Amino acid sequence: LRPPSSTPVKKLLVLLSGLGGGSHDSYVKHMALAAQKRGYAIAAVNMRACGGRRIETPRFFSAYRGSVDDLAAAVDKAREMFQPEKVAAIGWSNSGSILINSCAQEEPNALVNIDAACALAAPLNMPASSSWLKQSWFHSRVYDYSIGTNLATKFKEASHLFQMPDGSPKPVKKWEPIGGYYVADVQLAENAKSIREIDEAITAPCFGFDSVDDYYAFS
């Protein structure tokens, strides 16, 4: 976020990149440019471990738990800075799922204070989407492999947060509302070749799910 000019802001657009991406991605920049031409102020949100930000805690992101809270905090901060009359949001891929799950919350429990939302290329049925990624060579060996290995690289940058100094597994805190601790599968996460392997190694246990399939069904 950048402090706004003295010009009053009527419309603010919050942009959330796809899985593992960030505010530097070309499609985010192009959307920001198009929206600015239509009078919107822009705020781009980088989820944890994304956007080239340093990872400081042993928690990444999910399609629901934790990430909805993070989005709520970002939107509240943007509202405080820009004082807009209306706030809209666009999310791609996993961030689209975060937006959908945010909008599905009902008052008075809704966390994210937005007036309109658009989800692009979001996996509306995560179990089916996960299975679908295995159906063709392109989706499994190019799309899923590319994102999975990108997430594995991000995890390697923070693997010390999940290990003791001698390299042995380190119990780390689960998402706060769940409570307790879990031990990440560091070897699987560092060598992940798919989104599912990352979710199995860290996402599902971090956010209190019994398995990766349980996480997908819930989200």
# chains A, B, ... in the order shown; residues from 1 in each chain; ligands from 1

$ residues_around --residues "A:Cys118" --least-positions-apart "5" --cutoff "7 Å" --atoms "only C-alpha atoms" --output "count of residues only"
3

$ residues_around --residues "A:Pro177" --least-positions-apart "2" --cutoff "10 Å" --atoms "only C-alpha atoms" --output "list in words"
Arg65, Gly66, Lys174, Trp175, Gly179, Gly180, Phe207 and Gly208 of chain A

$ closest_residue --among "A:Val212, A:Val186, A:Ala104, A:Leu111" --to "A:Pro127" --atoms "only C-alpha atoms"
A:Val212

$ select_by_dssp --residues "chain A" --states "strand (DSSP E)" --output "list in words"
Lys11, Leu12, Leu13, Val14, Leu15, Leu16, Tyr40, Ala41, Ile42, Ala43, Ala44, Val45, Lys86, Val87, Ala88, Ala89, Ile90, Gly91, Trp92, Ala116, Ala117, Cys118, Ala119, Leu120, Val172, Lys173, Tyr181 and Tyr182 of chain A

$ residues_around --residues "stretch 76-87 of chain A" --least-positions-apart "4" --cutoff "12 Å" --atoms "only C-alpha atoms" --output "JSON, numbers by chain"
{"A": [1, 2, 3, 4, 5, 6, 7, 8, 9, 10, 11, 12, 13, 14, 15, 39, 40, 41, 42, 43, 44, 45, 69, 70, 71, 72, 111, 112, 113, 114, 115, 116, 117, 118]}

$ write_last_selection --atoms "N, CA, C and O atoms" --output "compact mmCIF listing (two decimals), in the first residue's frame"
# COMPACT_ATOMS: atom_id res chain seq x y z
N LEU A 1 0.83 -1.20 0.00
CA LEU A 1 0.00 0.00 0.00
C LEU A 1 0.87 1.25 0.00
O LEU A 1 1.89 1.30 0.66
N ARG A 2 0.42 2.24 -0.74
CA ARG A 2 1.10 3.53 -0.73
C ARG A 2 0.12 4.59 -0.26
O ARG A 2 -1.06 4.56 -0.63
N PRO A 3 0.57 5.53 0.55
CA PRO A 3 -0.33 6.57 1.04
C PRO A 3 -0.98 7.29 -0.14
O PRO A 3 -0.32 7.61 -1.13
N PRO A 4 -2.28 7.53 -0.09
CA PRO A 4 -2.98 8.19 -1.19
C PRO A 4 -2.61 9.67 -1.26
O PRO A 4 -2.08 10.25 -0.33
N SER A 5 -2.94 10.27 -2.41
CA SER A 5 -2.75 11.71 -2.54
C SER A 5 -3.85 12.41 -1.77
O SER A 5 -4.70 11.79 -1.13
N SER A 6 -3.85 13.73 -1.83
CA SER A 6 -4.87 14.50 -1.11
C SER A 6 -6.24 14.40 -1.76
O SER A 6 -7.24 14.83 -1.20
N THR A 7 -6.28 13.84 -2.99
CA THR A 7 -7.55 13.70 -3.70
C THR A 7 -8.42 12.64 -3.02
O THR A 7 -7.95 11.53 -2.78
N PRO A 8 -9.66 12.96 -2.70
CA PRO A 8 -10.54 11.96 -2.05
C PRO A 8 -10.70 10.72 -2.92
O PRO A 8 -10.80 10.80 -4.14
N VAL A 9 -10.72 9.56 -2.28
CA VAL A 9 -10.87 8.29 -2.98
C VAL A 9 -12.31 7.83 -2.86
O VAL A 9 -12.82 7.63 -1.76
N LYS A 10 -12.98 7.68 -4.00
CA LYS A 10 -14.34 7.18 -3.98
C LYS A 10 -14.38 5.66 -4.11
O LYS A 10 -15.18 4.98 -3.47
N LYS A 11 -13.48 5.12 -4.97
CA LYS A 11 -13.51 3.69 -5.25
C LYS A 11 -12.12 3.10 -5.05
O LYS A 11 -11.14 3.60 -5.61
N LEU A 12 -12.05 2.03 -4.28
CA LEU A 12 -10.78 1.32 -4.07
C LEU A 12 -10.93 -0.11 -4.58
O LEU A 12 -11.91 -0.79 -4.26
N LEU A 13 -9.96 -0.57 -5.35
CA LEU A 13 -9.95 -1.94 -5.85
C LEU A 13 -8.79 -2.69 -5.22
O LEU A 13 -7.63 -2.27 -5.32
N VAL A 14 -9.10 -3.79 -4.54
CA VAL A 14 -8.09 -4.64 -3.91
C VAL A 14 -7.82 -5.82 -4.84
O VAL A 14 -8.75 -6.53 -5.24
N LEU A 15 -6.56 -6.04 -5.17
CA LEU A 15 -6.17 -7.10 -6.10
C LEU A 15 -5.38 -8.18 -5.36
O LEU A 15 -4.47 -7.88 -4.59
N GLY A 39 -10.88 5.28 -12.62
CA GLY A 39 -11.07 6.06 -11.41
C GLY A 39 -10.88 5.33 -10.10
O GLY A 39 -11.23 5.86 -9.05
N TYR A 40 -10.32 4.12 -10.13
CA TYR A 40 -10.10 3.37 -8.90
C TYR A 40 -8.71 3.64 -8.31
O TYR A 40 -7.73 3.75 -9.05
N ALA A 41 -8.66 3.73 -7.01
CA ALA A 41 -7.37 3.62 -6.31
C ALA A 41 -7.09 2.13 -6.18
O ALA A 41 -8.02 1.31 -6.16
N ILE A 42 -5.82 1.77 -6.08
CA ILE A 42 -5.44 0.35 -6.12
C ILE A 42 -4.68 -0.05 -4.86
O ILE A 42 -3.79 0.67 -4.40
N ALA A 43 -5.03 -1.21 -4.33
CA ALA A 43 -4.26 -1.83 -3.26
C ALA A 43 -4.06 -3.29 -3.65
O ALA A 43 -5.03 -4.01 -3.92
N ALA A 44 -2.81 -3.73 -3.74
CA ALA A 44 -2.51 -5.12 -4.07
C ALA A 44 -2.06 -5.85 -2.81
O ALA A 44 -1.21 -5.34 -2.07
N VAL A 45 -2.64 -6.99 -2.56
CA VAL A 45 -2.34 -7.77 -1.36
C VAL A 45 -1.47 -8.97 -1.74
O VAL A 45 -1.83 -9.77 -2.60
N ASP A 69 -8.68 -14.16 7.37
CA ASP A 69 -8.29 -13.21 8.42
C ASP A 69 -7.25 -12.22 7.90
O ASP A 69 -7.31 -11.02 8.20
N ASP A 70 -6.27 -12.73 7.14
CA ASP A 70 -5.23 -11.86 6.59
C ASP A 70 -5.83 -10.84 5.62
O ASP A 70 -5.45 -9.66 5.62
N LEU A 71 -6.76 -11.30 4.78
CA LEU A 71 -7.41 -10.39 3.83
C LEU A 71 -8.21 -9.33 4.58
O LEU A 71 -8.18 -8.15 4.21
N ALA A 72 -8.89 -9.73 5.64
CA ALA A 72 -9.66 -8.77 6.43
C ALA A 72 -8.76 -7.69 7.00
O ALA A 72 -9.11 -6.50 6.98
N LEU A 111 -15.81 -11.21 8.27
CA LEU A 111 -14.57 -10.53 8.63
C LEU A 111 -14.15 -9.49 7.61
O LEU A 111 -13.59 -8.46 7.96
N VAL A 112 -14.39 -9.76 6.33
CA VAL A 112 -13.87 -8.91 5.27
C VAL A 112 -14.92 -7.88 4.85
O VAL A 112 -16.01 -8.23 4.39
N ASN A 113 -14.57 -6.62 5.00
CA ASN A 113 -15.48 -5.52 4.74
C ASN A 113 -15.32 -5.01 3.31
O ASN A 113 -14.66 -4.00 3.06
N ILE A 114 -15.92 -5.73 2.35
CA ILE A 114 -15.88 -5.32 0.94
C ILE A 114 -17.31 -5.21 0.42
O ILE A 114 -18.23 -5.84 0.91
N ASP A 115 -17.45 -4.37 -0.61
CA ASP A 115 -18.77 -4.11 -1.18
C ASP A 115 -19.05 -4.94 -2.42
O ASP A 115 -20.22 -5.18 -2.76
N ALA A 116 -18.02 -5.38 -3.10
CA ALA A 116 -18.19 -6.20 -4.31
C ALA A 116 -16.94 -7.04 -4.51
O ALA A 116 -15.84 -6.65 -4.12
N ALA A 117 -17.11 -8.21 -5.12
CA ALA A 117 -15.98 -9.11 -5.32
C ALA A 117 -16.12 -9.87 -6.63
O ALA A 117 -17.24 -10.16 -7.07
N CYS A 118 -14.99 -10.19 -7.21
CA CYS A 118 -14.95 -10.97 -8.45
C CYS A 118 -13.86 -12.03 -8.32
O CYS A 118 -12.70 -11.70 -8.01

$ closest_residue --among "A:Leu19, A:Met47, A:Ala189, A:Leu99" --to "A:Phe162" --atoms "only C-alpha atoms"
A:Ala189

$ closest_residue --among "A:His24, A:Arg196, A:Lys134, A:His139" --to "A:Arg53" --atoms "only C-alpha atoms"
A:His24

$ closest_residue --among "A:Ser23, A:Gln36, A:Ser62, A:Gln187" --to "A:Ser219" --atoms "only C-alpha atoms"
A:Ser62

$ atom_distance --atom1 "atom CA of A:Tyr27" --atom2 "atom CA of A:Ala119"
13.9 Å

$ residues_around --residues "stretch 156-160 of chain A" --least-positions-apart "4" --cutoff "12 Å" --atoms "only C-alpha atoms" --output "ChimeraX atom specification"
/A:48-50,52-60,149-152,164-172,183-192,198,201-202

$ write_last_selection --atoms "N, CA, C and O atoms" --output "short mmCIF file (atom, residue, chain, number, x, y, z; two decimals), in the first residue's frame"
data_model
loop_
_atom_site.label_atom_id
_atom_site.label_comp_id
_atom_site.auth_asym_id
_atom_site.auth_seq_id
_atom_site.Cartn_x
_atom_site.Cartn_y
_atom_site.Cartn_z
N ARG A 48 0.85 -14.44 2.44
CA ARG A 48 2.09 -14.85 3.12
C ARG A 48 2.96 -15.69 2.19
O ARG A 48 2.47 -16.56 1.49
N ALA A 49 4.25 -15.40 2.20
CA ALA A 49 5.26 -16.09 1.39
C ALA A 49 5.24 -15.68 -0.07
O ALA A 49 6.00 -16.21 -0.87
N CYS A 50 4.40 -14.71 -0.43
CA CYS A 50 4.26 -14.31 -1.82
C CYS A 50 4.74 -12.87 -2.04
O CYS A 50 4.96 -12.12 -1.10
N GLY A 52 7.56 -11.80 -3.13
CA GLY A 52 8.95 -11.53 -2.80
C GLY A 52 9.19 -11.11 -1.38
O GLY A 52 10.29 -10.66 -1.02
N ARG A 53 8.17 -11.26 -0.52
CA ARG A 53 8.32 -10.87 0.87
C ARG A 53 9.05 -11.95 1.67
O ARG A 53 8.89 -13.14 1.42
N ARG A 54 9.83 -11.54 2.63
CA ARG A 54 10.55 -12.48 3.48
C ARG A 54 9.56 -13.20 4.40
O ARG A 54 8.64 -12.60 4.94
N ILE A 55 9.77 -14.48 4.54
CA ILE A 55 8.89 -15.30 5.39
C ILE A 55 9.44 -15.27 6.81
O ILE A 55 10.56 -15.70 7.07
N GLU A 56 8.65 -14.77 7.72
CA GLU A 56 9.12 -14.58 9.09
C GLU A 56 8.44 -15.49 10.10
O GLU A 56 8.87 -15.56 11.26
N THR A 57 7.37 -16.15 9.71
CA THR A 57 6.67 -17.06 10.62
C THR A 57 6.41 -18.38 9.91
O THR A 57 6.29 -18.41 8.68
N PRO A 58 6.31 -19.48 10.64
CA PRO A 58 6.08 -20.79 10.01
C PRO A 58 4.62 -21.00 9.64
O PRO A 58 3.98 -21.97 10.03
N ARG A 59 4.08 -20.05 8.87
CA ARG A 59 2.71 -20.17 8.38
C ARG A 59 2.62 -19.57 7.00
O ARG A 59 3.03 -18.43 6.79
N PHE A 60 2.07 -20.33 6.07
CA PHE A 60 1.90 -19.82 4.71
C PHE A 60 0.44 -19.36 4.56
O PHE A 60 -0.01 -18.52 5.30
N THR A 149 6.46 -26.68 -7.72
CA THR A 149 7.89 -26.44 -7.52
C THR A 149 8.16 -24.99 -7.08
O THR A 149 9.10 -24.74 -6.33
N ASN A 150 7.34 -24.06 -7.55
CA ASN A 150 7.47 -22.67 -7.11
C ASN A 150 7.19 -22.55 -5.62
O ASN A 150 7.91 -21.88 -4.87
N LEU A 151 6.14 -23.24 -5.16
CA LEU A 151 5.82 -23.23 -3.73
C LEU A 151 6.91 -23.94 -2.93
O LEU A 151 7.21 -23.54 -1.80
N ALA A 152 7.48 -25.00 -3.50
CA ALA A 152 8.57 -25.70 -2.82
C ALA A 152 9.77 -24.78 -2.63
O ALA A 152 10.43 -24.81 -1.58
N MET A 164 14.79 -27.82 13.82
CA MET A 164 15.72 -27.49 14.89
C MET A 164 17.08 -27.20 14.28
O MET A 164 17.33 -27.53 13.11
N PRO A 165 18.00 -26.59 15.02
CA PRO A 165 19.33 -26.30 14.48
C PRO A 165 20.06 -27.53 13.93
O PRO A 165 20.86 -27.41 12.99
N ASP A 166 19.76 -28.71 14.48
CA ASP A 166 20.42 -29.92 13.99
C ASP A 166 19.69 -30.54 12.81
O ASP A 166 20.07 -31.61 12.32
N GLY A 167 18.63 -29.88 12.32
CA GLY A 167 17.91 -30.38 11.16
C GLY A 167 16.74 -31.29 11.48
O GLY A 167 16.02 -31.70 10.57
N SER A 168 16.55 -31.61 12.73
CA SER A 168 15.43 -32.47 13.12
C SER A 168 14.12 -31.68 13.08
O SER A 168 14.12 -30.45 13.15
N PRO A 169 12.99 -32.38 12.95
CA PRO A 169 11.70 -31.69 12.87
C PRO A 169 11.42 -30.84 14.11
O PRO A 169 11.77 -31.21 15.23
N LYS A 170 10.80 -29.69 13.89
CA LYS A 170 10.48 -28.77 14.97
C LYS A 170 8.97 -28.57 15.05
O LYS A 170 8.35 -28.14 14.06
N PRO A 171 8.35 -28.86 16.16
CA PRO A 171 6.92 -28.59 16.30
C PRO A 171 6.66 -27.09 16.20
O PRO A 171 7.33 -26.30 16.86
N VAL A 172 5.72 -26.70 15.36
CA VAL A 172 5.38 -25.29 15.21
C VAL A 172 3.88 -25.11 15.46
O VAL A 172 3.09 -26.05 15.35
N VAL A 183 3.95 -30.91 13.14
CA VAL A 183 5.29 -31.06 12.57
C VAL A 183 5.14 -31.16 11.06
O VAL A 183 4.47 -32.06 10.55
N ALA A 184 5.70 -30.21 10.34
CA ALA A 184 5.61 -30.20 8.89
C ALA A 184 6.46 -31.33 8.29
O ALA A 184 7.50 -31.70 8.86
N ASP A 185 6.02 -31.84 7.16
CA ASP A 185 6.81 -32.82 6.42
C ASP A 185 7.79 -32.03 5.55
O ASP A 185 7.51 -31.71 4.39
N VAL A 186 8.93 -31.68 6.14
CA VAL A 186 9.90 -30.81 5.48
C VAL A 186 10.41 -31.42 4.18
O VAL A 186 10.52 -30.74 3.16
N GLN A 187 10.72 -32.70 4.20
CA GLN A 187 11.26 -33.34 3.00
C GLN A 187 10.26 -33.31 1.85
O GLN A 187 10.62 -33.00 0.71
N LEU A 188 9.00 -33.58 2.15
CA LEU A 188 7.97 -33.55 1.11
C LEU A 188 7.79 -32.13 0.58
O LEU A 188 7.68 -31.92 -0.64
N ALA A 189 7.77 -31.14 1.47
CA ALA A 189 7.56 -29.76 1.05
C ALA A 189 8.73 -29.24 0.21
O ALA A 189 8.53 -28.56 -0.80
N GLU A 190 9.95 -29.57 0.60
CA GLU A 190 11.13 -29.10 -0.14
C GLU A 190 11.23 -29.73 -1.52
O GLU A 190 11.81 -29.14 -2.43
N ASN A 191 10.69 -30.93 -1.68
CA ASN A 191 10.79 -31.64 -2.95
C ASN A 191 9.45 -31.75 -3.67
O ASN A 191 9.31 -32.57 -4.59
N ALA A 192 8.49 -30.93 -3.29
CA ALA A 192 7.15 -31.01 -3.87
C ALA A 192 7.17 -30.75 -5.37
O ALA A 192 7.87 -29.86 -5.86
N ILE A 198 2.39 -29.91 -1.47
CA ILE A 198 2.58 -28.80 -0.55
C ILE A 198 1.46 -28.76 0.48
O ILE A 198 1.70 -28.58 1.68
N ALA A 201 1.92 -31.48 2.99
CA ALA A 201 3.08 -31.31 3.87
C ALA A 201 2.88 -30.24 4.92
O ALA A 201 3.29 -30.41 6.08
N ILE A 202 2.24 -29.12 4.54
CA ILE A 202 2.15 -28.00 5.50
C ILE A 202 0.75 -27.39 5.63
O ILE A 202 0.34 -27.05 6.73
#

$ residues_around --residues "A:Ala63" --least-positions-apart "2" --cutoff "9 Å" --atoms "only C-alpha atoms" --output "list in words"
Phe61, Arg65, Gly66, Ser67, Val68, Asn94, Ser95, Gly96, Ser97, Ile98, Leu99, Asn101, Tyr215, Tyr216 and Ser219 of chain A

$ closest_residue --among "A:Gln135, A:Thr203, A:Ser194, A:Asn46" --to "A:Val28" --atoms "only C-alpha atoms"
A:Asn46

$ closest_residue --among "A:Ile100, A:Tyr181, A:Asp214, A:Ala88" --to "A:Leu124" --atoms "only C-alpha atoms"
A:Ile100

$ select_by_dssp --residues "stretch 148-187 of chain A" --states "alpha helix (DSSP H)" --output "JSON, numbers by chain"
{"A": [148, 149, 150, 151, 152, 153, 154, 155, 156, 157, 158, 186, 187]}

$ atom_distance --atom1 "atom CA of A:Ser130" --atom2 "atom CA of A:Tyr143"
11.8 Å

$ decode --residues "stretch 27-125 of chain A" --atoms "C-alpha atoms" --output "PDB file, in the first residue's frame"
ATOM      1  CA  TYR A  27      -1.910  -9.668 -15.064  1.00  0.00           C
ATOM      2  CA  VAL A  28      -2.173  -7.900 -11.688  1.00  0.00           C
ATOM      3  CA  LYS A  29      -0.397  -4.832 -13.083  1.00  0.00           C
ATOM      4  CA  HIS A  30      -2.579  -4.762 -16.198  1.00  0.00           C
ATOM      5  CA  MET A  31      -5.754  -5.009 -14.118  1.00  0.00           C
ATOM      6  CA  ALA A  32      -4.468  -2.238 -11.853  1.00  0.00           C
ATOM      7  CA  LEU A  33      -3.767   0.005 -14.855  1.00  0.00           C
ATOM      8  CA  ALA A  34      -7.200  -0.641 -16.377  1.00  0.00           C
ATOM      9  CA  ALA A  35      -8.915   0.073 -13.052  1.00  0.00           C
ATOM     10  CA  GLN A  36      -6.927   3.268 -12.473  1.00  0.00           C
ATOM     11  CA  LYS A  37      -8.105   4.575 -15.841  1.00  0.00           C
ATOM     12  CA  ARG A  38     -11.639   4.051 -14.559  1.00  0.00           C
ATOM     13  CA  GLY A  39     -11.074   6.057 -11.414  1.00  0.00           C
ATOM     14  CA  TYR A  40     -10.102   3.367  -8.899  1.00  0.00           C
ATOM     15  CA  ALA A  41      -7.375   3.624  -6.315  1.00  0.00           C
ATOM     16  CA  ILE A  42      -5.443   0.353  -6.115  1.00  0.00           C
ATOM     17  CA  ALA A  43      -4.261  -1.835  -3.262  1.00  0.00           C
ATOM     18  CA  ALA A  44      -2.506  -5.121  -4.073  1.00  0.00           C
ATOM     19  CA  VAL A  45      -2.339  -7.773  -1.361  1.00  0.00           C
ATOM     20  CA  ASN A  46       0.524 -10.266  -1.250  1.00  0.00           C
ATOM     21  CA  MET A  47      -0.448 -13.351   0.707  1.00  0.00           C
ATOM     22  CA  ARG A  48       2.090 -14.848   3.118  1.00  0.00           C
ATOM     23  CA  ALA A  49       5.265 -16.093   1.392  1.00  0.00           C
ATOM     24  CA  CYS A  50       4.264 -14.308  -1.823  1.00  0.00           C
ATOM     25  CA  GLY A  51       5.284 -11.165  -3.651  1.00  0.00           C
ATOM     26  CA  GLY A  52       8.952 -11.531  -2.804  1.00  0.00           C
ATOM     27  CA  ARG A  53       8.322 -10.870   0.871  1.00  0.00           C
ATOM     28  CA  ARG A  54      10.554 -12.483   3.482  1.00  0.00           C
ATOM     29  CA  ILE A  55       8.894 -15.298   5.385  1.00  0.00           C
ATOM     30  CA  GLU A  56       9.124 -14.582   9.091  1.00  0.00           C
ATOM     31  CA  THR A  57       6.669 -17.059  10.624  1.00  0.00           C
ATOM     32  CA  PRO A  58       6.080 -20.786  10.014  1.00  0.00           C
ATOM     33  CA  ARG A  59       2.709 -20.170   8.383  1.00  0.00           C
ATOM     34  CA  PHE A  60       1.897 -19.823   4.714  1.00  0.00           C
ATOM     35  CA  PHE A  61      -1.649 -19.464   3.389  1.00  0.00           C
ATOM     36  CA  SER A  62      -4.705 -21.536   2.603  1.00  0.00           C
ATOM     37  CA  ALA A  63      -7.901 -21.080   0.601  1.00  0.00           C
ATOM     38  CA  TYR A  64      -9.870 -20.303   3.748  1.00  0.00           C
ATOM     39  CA  ARG A  65      -8.608 -20.510   7.316  1.00  0.00           C
ATOM     40  CA  GLY A  66      -6.053 -17.856   8.151  1.00  0.00           C
ATOM     41  CA  SER A  67      -6.124 -16.238   4.718  1.00  0.00           C
ATOM     42  CA  VAL A  68      -9.608 -14.783   5.218  1.00  0.00           C
ATOM     43  CA  ASP A  69      -8.285 -13.213   8.424  1.00  0.00           C
ATOM     44  CA  ASP A  70      -5.232 -11.856   6.591  1.00  0.00           C
ATOM     45  CA  LEU A  71      -7.413 -10.387   3.834  1.00  0.00           C
ATOM     46  CA  ALA A  72      -9.660  -8.772   6.430  1.00  0.00           C
ATOM     47  CA  ALA A  73      -6.650  -7.114   8.068  1.00  0.00           C
ATOM     48  CA  ALA A  74      -5.390  -5.860   4.697  1.00  0.00           C
ATOM     49  CA  VAL A  75      -8.784  -4.448   3.694  1.00  0.00           C
ATOM     50  CA  ASP A  76      -9.205  -2.745   7.069  1.00  0.00           C
ATOM     51  CA  LYS A  77      -5.775  -1.154   6.666  1.00  0.00           C
ATOM     52  CA  ALA A  78      -6.598  -0.026   3.131  1.00  0.00           C
ATOM     53  CA  ARG A  79      -9.879   1.500   4.305  1.00  0.00           C
ATOM     54  CA  GLU A  80      -8.004   3.333   7.050  1.00  0.00           C
ATOM     55  CA  MET A  81      -5.424   4.717   4.624  1.00  0.00           C
ATOM     56  CA  PHE A  82      -7.639   5.606   1.658  1.00  0.00           C
ATOM     57  CA  GLN A  83     -11.017   6.293   3.323  1.00  0.00           C
ATOM     58  CA  PRO A  84     -12.888   5.095   0.201  1.00  0.00           C
ATOM     59  CA  GLU A  85     -16.649   5.183  -0.230  1.00  0.00           C
ATOM     60  CA  LYS A  86     -16.677   1.701  -1.777  1.00  0.00           C
ATOM     61  CA  VAL A  87     -14.239  -1.218  -1.847  1.00  0.00           C
ATOM     62  CA  ALA A  88     -14.207  -3.930  -4.507  1.00  0.00           C
ATOM     63  CA  ALA A  89     -11.854  -6.901  -4.781  1.00  0.00           C
ATOM     64  CA  ILE A  90     -10.631  -9.199  -7.530  1.00  0.00           C
ATOM     65  CA  GLY A  91      -8.883 -12.484  -6.793  1.00  0.00           C
ATOM     66  CA  TRP A  92      -7.352 -15.023  -9.136  1.00  0.00           C
ATOM     67  CA  SER A  93      -7.048 -18.767  -8.565  1.00  0.00           C
ATOM     68  CA  ASN A  94      -6.560 -19.577  -4.863  1.00  0.00           C
ATOM     69  CA  SER A  95      -7.178 -15.932  -3.985  1.00  0.00           C
ATOM     70  CA  GLY A  96     -10.486 -16.205  -5.798  1.00  0.00           C
ATOM     71  CA  SER A  97     -11.356 -19.010  -3.384  1.00  0.00           C
ATOM     72  CA  ILE A  98     -10.330 -16.792  -0.471  1.00  0.00           C
ATOM     73  CA  LEU A  99     -12.670 -14.084  -1.750  1.00  0.00           C
ATOM     74  CA  ILE A 100     -15.554 -16.526  -2.239  1.00  0.00           C
ATOM     75  CA  ASN A 101     -15.099 -17.909   1.255  1.00  0.00           C
ATOM     76  CA  SER A 102     -14.959 -14.347   2.592  1.00  0.00           C
ATOM     77  CA  CYS A 103     -18.221 -13.436   0.894  1.00  0.00           C
ATOM     78  CA  ALA A 104     -19.850 -16.630   2.160  1.00  0.00           C
ATOM     79  CA  GLN A 105     -19.480 -15.468   5.747  1.00  0.00           C
ATOM     80  CA  GLU A 106     -22.665 -14.023   7.170  1.00  0.00           C
ATOM     81  CA  GLU A 107     -23.121 -11.087   9.507  1.00  0.00           C
ATOM     82  CA  PRO A 108     -22.248 -10.622  12.302  1.00  0.00           C
ATOM     83  CA  ASN A 109     -19.374 -13.072  11.730  1.00  0.00           C
ATOM     84  CA  ALA A 110     -18.193 -11.659   8.408  1.00  0.00           C
ATOM     85  CA  LEU A 111     -14.569 -10.535   8.633  1.00  0.00           C
ATOM     86  CA  VAL A 112     -13.865  -8.911   5.266  1.00  0.00           C
ATOM     87  CA  ASN A 113     -15.484  -5.516   4.741  1.00  0.00           C
ATOM     88  CA  ILE A 114     -15.877  -5.320   0.944  1.00  0.00           C
ATOM     89  CA  ASP A 115     -18.773  -4.107  -1.181  1.00  0.00           C
ATOM     90  CA  ALA A 116     -18.187  -6.195  -4.310  1.00  0.00           C
ATOM     91  CA  ALA A 117     -15.975  -9.105  -5.323  1.00  0.00           C
ATOM     92  CA  CYS A 118     -14.951 -10.973  -8.449  1.00  0.00           C
ATOM     93  CA  ALA A 119     -13.252 -14.389  -8.499  1.00  0.00           C
ATOM     94  CA  LEU A 120     -11.332 -15.328 -11.643  1.00  0.00           C
ATOM     95  CA  ALA A 121     -10.244 -18.898 -12.499  1.00  0.00           C
ATOM     96  CA  ALA A 122     -11.014 -20.013  -8.952  1.00  0.00           C
ATOM     97  CA  PRO A 123     -11.361 -23.733  -8.091  1.00  0.00           C
ATOM     98  CA  LEU A 124     -15.013 -23.738  -7.030  1.00  0.00           C
ATOM     99  CA  ASN A 125     -14.807 -27.449  -6.254  1.00  0.00           C
TER     100      ASN A 125
END
